[in-house]
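Student: Supplied in structure tokens, the structure appears directly below.
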Amino acid sequence: MAAAAAVYSLYIINKSGGLIFYKDYGSAGRMDTNDSLRLASLWHSMHAISQQLSPVPSCSGIELLQADTFDLHCFQSLTGTKFFVVCEPGTQHMEGLLKHIYELYTDFVLKNPFYEMEMPIRCELFDINLAQAVQKDRVALLGR
Amino acid sequence: MIGVGKMKLYSNVLDRPLSKGKQEVSLSAFAFLFSEMVQYNQTQVDNIAELERRLEDAGYAVGARVLELLCHREKGNRRETRLLGILSFVHSTVWKVLFGKVADSLEKGTEHEDEYMISEKELLVNRFISIPKDMGTFNCGAFVAGIVRGVLDNAGFPAVVTAHFVPVEGQQRPRTTILIKFAEEVLRREARLG
């Protein structure tokens, strides 16, 4: 396995489907801003439709999408903010990473008086701690 | 009520002992309250200097009360009268009660005789706060600077106290320094006391 990142990219979308955070971790298919915005709102709609289509009552939407070339793990918080990572197929512990990212979001974004709700996230402390989290995750993966 | 057997209920608030009670409050609860305070004050001002001043004023009220309480609780109704005494009181006693730890360092300014600095690697109030680039050198530590000014002023050591970010080599995040500049009269009195 090459030293390529197991996590390809991370998205955070607000409850109305707007992309408020996007981070690329060196995936092959790099996207420009427009593409990432489009993908975010597309995922938002698909997620909503999946809730309606599910035969199981009170379904919370897609949690994992598996494709030939990538896995997409999604976590939705109680307030409707969605966190999702695109990663290498078969990558483990992504639920844990998403929960951790949610924790960082509640700490360094929501407790920051200069952050406006539902707006794009520009918080230095969030970036620093996120980088550490993804790094740690990468180390855990390489150590296996 | 849990633990009601041990607690004596006082009908008059003045009869209640000034015991330490439960020492800690939730950091999250504090962080949200502080965040709201900053946001509210932001809506009331036109510029950053004004915001800094309002935060400092809020801290001043806390400082005045903290001094009163701690002199009674920790010092047997005595207060420090010497410069170094009051500084170490702020650096250790006040810091420990408010933030659960002694401040990282207390230094004398190198350039001026009347300047002292209390430094913190990570100030508790700044734990979750990222200052946007367009706000320049603004530091929410202004609130803590206000607390320090409140303590000093009410103890008879009028001073100008400000909070600054100071970059540290090899560290991603700057530390916060609380700069204390004492009034002339304080130094004159101190010299007289010898």
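Naming scheme: A, B, ... for chains in displayed order of the structure tokens; residues 1 onward per chain; ligands 1 onward as shown.
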Identify all chain A residues at most 7 Å from chain B by counting only C-alpha atoms; ligands do not count. Present them as a PDB file with C-alpha atoms, in the first residue's frame.
Tutor:
ATOM      1  CA  ASP A 107     -15.900  22.705  20.836  1.00  0.00           C
ATOM      2  CA  PHE A 108     -13.973  24.928  18.476  1.00  0.00           C
ATOM      3  CA  LYS A 111     -18.135  27.828  21.332  1.00  0.00           C
ATOM      4  CA  ASN A 112     -16.340  30.453  19.257  1.00  0.00           C
ATOM      5  CA  PRO A 113     -18.095  33.822  19.621  1.00  0.00           C
ATOM      6  CA  CYS A 123     -11.695  28.848  12.807  1.00  0.00           C
ATOM      7  CA  GLU A 124      -7.962  28.404  13.237  1.00  0.00           C
ATOM      8  CA  LEU A 125      -8.297  26.154  16.294  1.00  0.00           C
TER       9      LEU A 125
END
Student: Apply DSSP to the backbone of this structure and, from chain A, keep only the residues in helix (DSSP H, G or I); write these as an MDAnalysis selection string.
Tutor: chainID A and resid 33:53 94:109 124:142
Student: Which residues in region 11-99 of chain A does DSSP call strand (DSSP E or B)? List them as a PyMOL selection string.
Tutor: chain A and resi 11-13+19-24+64-66+71-76+82-87
Student: Could you please determine the separation between CA of Glu118 (chain A) and CA of Asn14 (chain A) in Å, to one decimal place?
Tutor: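 Between CA of Glu118 (chain A) and CA of Asn14 (chain A) the gap is 5.7 Å.
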Student: Quick one: pull the distance between CA of Phe84 (chain A) and CA of Met117 (chain A), Å, one decimal.
Tutor: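 That distance, rounded to one decimal, is 18.9 Å.
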Student: Show which residues sit within 9 Å of Phe138 (chain B), as number ranges by chain. Count only C-alpha atoms, and ignore same-chain residues fewer than 4 positions away.
Tutor: B: 48-49, 52, 131, 142, 163-165
Student: Select, from B:Tyr116, B:Ser19, B:Val102, B:Pro167, the residue with the minimum atom-to-atom distance to Arg73 (chain B), counting only C-alpha atoms.
Tutor: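 Of all the options, B:Ser19 lies closest to Arg73 (chain B).
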Student: Of the candidates A:Tyr25, A:Tyr11, A:Phe70, A:Phe83, which one gets nearest to Tyr102 (chain A) if we count only C-alpha atoms?
Tutor: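 The closest residue to Tyr102 (chain A) is A:Phe83.
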Student: For region 56-62 of chain A, list every protein, DNA or RNA residue within 12 Å, evaluated using only C-alpha atoms, and leave out those in the same chain fewer than 4 positions away; present the list as a list of chain:residue names.
Tutor: A:Trp43, A:His44, A:Ser45, A:Met46, A:His47, A:Ala48, A:Ile49, A:Ser50, A:Gln51, A:Gln52, A:Gln66, A:Leu72, A:His73, A:Cys74, A:Phe75, A:Gln76, A:Ser77, A:Leu78, A:Gly80, A:Lys82, A:Phe83, A:Phe84
Student: Okay, now the selection with N, CA, C and O atoms, as a PDB file, in the first residue's frame?
Tutor:
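Result saved to result-v5.pdb:
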ATOM      1  N   TRP A  43     -25.533  15.435  -2.107  1.00  0.00           N
ATOM      2  CA  TRP A  43     -25.566  14.450  -1.023  1.00  0.00           C
ATOM      3  C   TRP A  43     -26.689  14.765  -0.036  1.00  0.00           C
ATOM      4  O   TRP A  43     -27.375  13.871   0.446  1.00  0.00           O
ATOM      5  N   HIS A  44     -26.883  16.035   0.207  1.00  0.00           N
ATOM      6  CA  HIS A  44     -27.953  16.459   1.112  1.00  0.00           C
ATOM      7  C   HIS A  44     -29.304  15.949   0.611  1.00  0.00           C
ATOM      8  O   HIS A  44     -30.102  15.383   1.372  1.00  0.00           O
ATOM      9  N   SER A  45     -29.557  16.113  -0.693  1.00  0.00           N
ATOM     10  CA  SER A  45     -30.821  15.680  -1.272  1.00  0.00           C
ATOM     11  C   SER A  45     -30.936  14.161  -1.246  1.00  0.00           C
ATOM     12  O   SER A  45     -31.981  13.623  -0.875  1.00  0.00           O
ATOM     13  N   MET A  46     -29.861  13.481  -1.625  1.00  0.00           N
ATOM     14  CA  MET A  46     -29.895  12.020  -1.652  1.00  0.00           C
ATOM     15  C   MET A  46     -30.183  11.462  -0.264  1.00  0.00           C
ATOM     16  O   MET A  46     -30.931  10.507  -0.093  1.00  0.00           O
ATOM     17  N   HIS A  47     -29.580  12.100   0.703  1.00  0.00           N
ATOM     18  CA  HIS A  47     -29.746  11.688   2.094  1.00  0.00           C
ATOM     19  C   HIS A  47     -31.215  11.843   2.507  1.00  0.00           C
ATOM     20  O   HIS A  47     -31.809  10.956   3.119  1.00  0.00           O
ATOM     21  N   ALA A  48     -31.800  12.958   2.115  1.00  0.00           N
ATOM     22  CA  ALA A  48     -33.202  13.225   2.446  1.00  0.00           C
ATOM     23  C   ALA A  48     -34.121  12.221   1.745  1.00  0.00           C
ATOM     24  O   ALA A  48     -35.064  11.693   2.344  1.00  0.00           O
ATOM     25  N   ILE A  49     -33.831  11.944   0.462  1.00  0.00           N
ATOM     26  CA  ILE A  49     -34.655  11.001  -0.303  1.00  0.00           C
ATOM     27  C   ILE A  49     -34.552   9.603   0.303  1.00  0.00           C
ATOM     28  O   ILE A  49     -35.540   8.896   0.434  1.00  0.00           O
ATOM     29  N   SER A  50     -33.342   9.239   0.714  1.00  0.00           N
ATOM     30  CA  SER A  50     -33.142   7.897   1.275  1.00  0.00           C
ATOM     31  C   SER A  50     -33.982   7.695   2.536  1.00  0.00           C
ATOM     32  O   SER A  50     -34.469   6.600   2.797  1.00  0.00           O
ATOM     33  N   GLN A  51     -34.159   8.781   3.276  1.00  0.00           N
ATOM     34  CA  GLN A  51     -34.996   8.683   4.478  1.00  0.00           C
ATOM     35  C   GLN A  51     -36.447   8.374   4.102  1.00  0.00           C
ATOM     36  O   GLN A  51     -37.128   7.585   4.753  1.00  0.00           O
ATOM     37  N   GLN A  52     -36.913   9.008   3.003  1.00  0.00           N
ATOM     38  CA  GLN A  52     -38.294   8.807   2.547  1.00  0.00           C
ATOM     39  C   GLN A  52     -38.497   7.416   1.954  1.00  0.00           C
ATOM     40  O   GLN A  52     -39.539   6.803   2.134  1.00  0.00           O
ATOM     41  N   GLN A  66     -20.978   2.498  -0.432  1.00  0.00           N
ATOM     42  CA  GLN A  66     -19.775   1.793  -0.881  1.00  0.00           C
ATOM     43  C   GLN A  66     -19.729   1.776  -2.404  1.00  0.00           C
ATOM     44  O   GLN A  66     -20.701   1.390  -3.056  1.00  0.00           O
ATOM     45  N   LEU A  72     -18.080   6.154   1.331  1.00  0.00           N
ATOM     46  CA  LEU A  72     -18.502   7.448   1.857  1.00  0.00           C
ATOM     47  C   LEU A  72     -19.251   7.186   3.160  1.00  0.00           C
ATOM     48  O   LEU A  72     -20.275   6.520   3.173  1.00  0.00           O
ATOM     49  N   HIS A  73     -18.680   7.671   4.266  1.00  0.00           N
ATOM     50  CA  HIS A  73     -19.322   7.515   5.563  1.00  0.00           C
ATOM     51  C   HIS A  73     -19.956   8.835   5.952  1.00  0.00           C
ATOM     52  O   HIS A  73     -19.320   9.878   5.847  1.00  0.00           O
ATOM     53  N   CYS A  74     -21.212   8.764   6.431  1.00  0.00           N
ATOM     54  CA  CYS A  74     -21.913   9.997   6.791  1.00  0.00           C
ATOM     55  C   CYS A  74     -22.420   9.927   8.230  1.00  0.00           C
ATOM     56  O   CYS A  74     -22.863   8.873   8.693  1.00  0.00           O
ATOM     57  N   PHE A  75     -22.325  11.049   8.891  1.00  0.00           N
ATOM     58  CA  PHE A  75     -22.860  11.154  10.259  1.00  0.00           C
ATOM     59  C   PHE A  75     -23.715  12.405  10.339  1.00  0.00           C
ATOM     60  O   PHE A  75     -23.262  13.487   9.968  1.00  0.00           O
ATOM     61  N   GLN A  76     -24.950  12.235  10.810  1.00  0.00           N
ATOM     62  CA  GLN A  76     -25.811  13.399  10.941  1.00  0.00           C
ATOM     63  C   GLN A  76     -26.050  13.695  12.417  1.00  0.00           C
ATOM     64  O   GLN A  76     -26.428  12.808  13.176  1.00  0.00           O
ATOM     65  N   SER A  77     -25.812  14.945  12.799  1.00  0.00           N
ATOM     66  CA  SER A  77     -26.016  15.307  14.200  1.00  0.00           C
ATOM     67  C   SER A  77     -27.507  15.555  14.434  1.00  0.00           C
ATOM     68  O   SER A  77     -28.295  15.631  13.488  1.00  0.00           O
ATOM     69  N   LEU A  78     -27.890  15.703  15.697  1.00  0.00           N
ATOM     70  CA  LEU A  78     -29.310  15.891  16.041  1.00  0.00           C
ATOM     71  C   LEU A  78     -29.883  17.177  15.450  1.00  0.00           C
ATOM     72  O   LEU A  78     -31.071  17.276  15.213  1.00  0.00           O
ATOM     73  N   GLY A  80     -29.149  18.342  12.511  1.00  0.00           N
ATOM     74  CA  GLY A  80     -29.244  18.266  11.060  1.00  0.00           C
ATOM     75  C   GLY A  80     -27.968  18.618  10.320  1.00  0.00           C
ATOM     76  O   GLY A  80     -27.948  18.619   9.093  1.00  0.00           O
ATOM     77  N   LYS A  82     -24.585  17.707   8.772  1.00  0.00           N
ATOM     78  CA  LYS A  82     -24.051  16.416   8.316  1.00  0.00           C
ATOM     79  C   LYS A  82     -22.538  16.487   8.121  1.00  0.00           C
ATOM     80  O   LYS A  82     -22.011  17.463   7.603  1.00  0.00           O
ATOM     81  N   PHE A  83     -21.874  15.449   8.576  1.00  0.00           N
ATOM     82  CA  PHE A  83     -20.428  15.319   8.410  1.00  0.00           C
ATOM     83  C   PHE A  83     -20.207  14.099   7.538  1.00  0.00           C
ATOM     84  O   PHE A  83     -20.748  13.045   7.835  1.00  0.00           O
ATOM     85  N   PHE A  84     -19.446  14.227   6.450  1.00  0.00           N
ATOM     86  CA  PHE A  84     -19.114  12.996   5.749  1.00  0.00           C
ATOM     87  C   PHE A  84     -17.696  12.971   5.204  1.00  0.00           C
ATOM     88  O   PHE A  84     -17.141  13.997   4.838  1.00  0.00           O
TER      89      PHE A  84
END
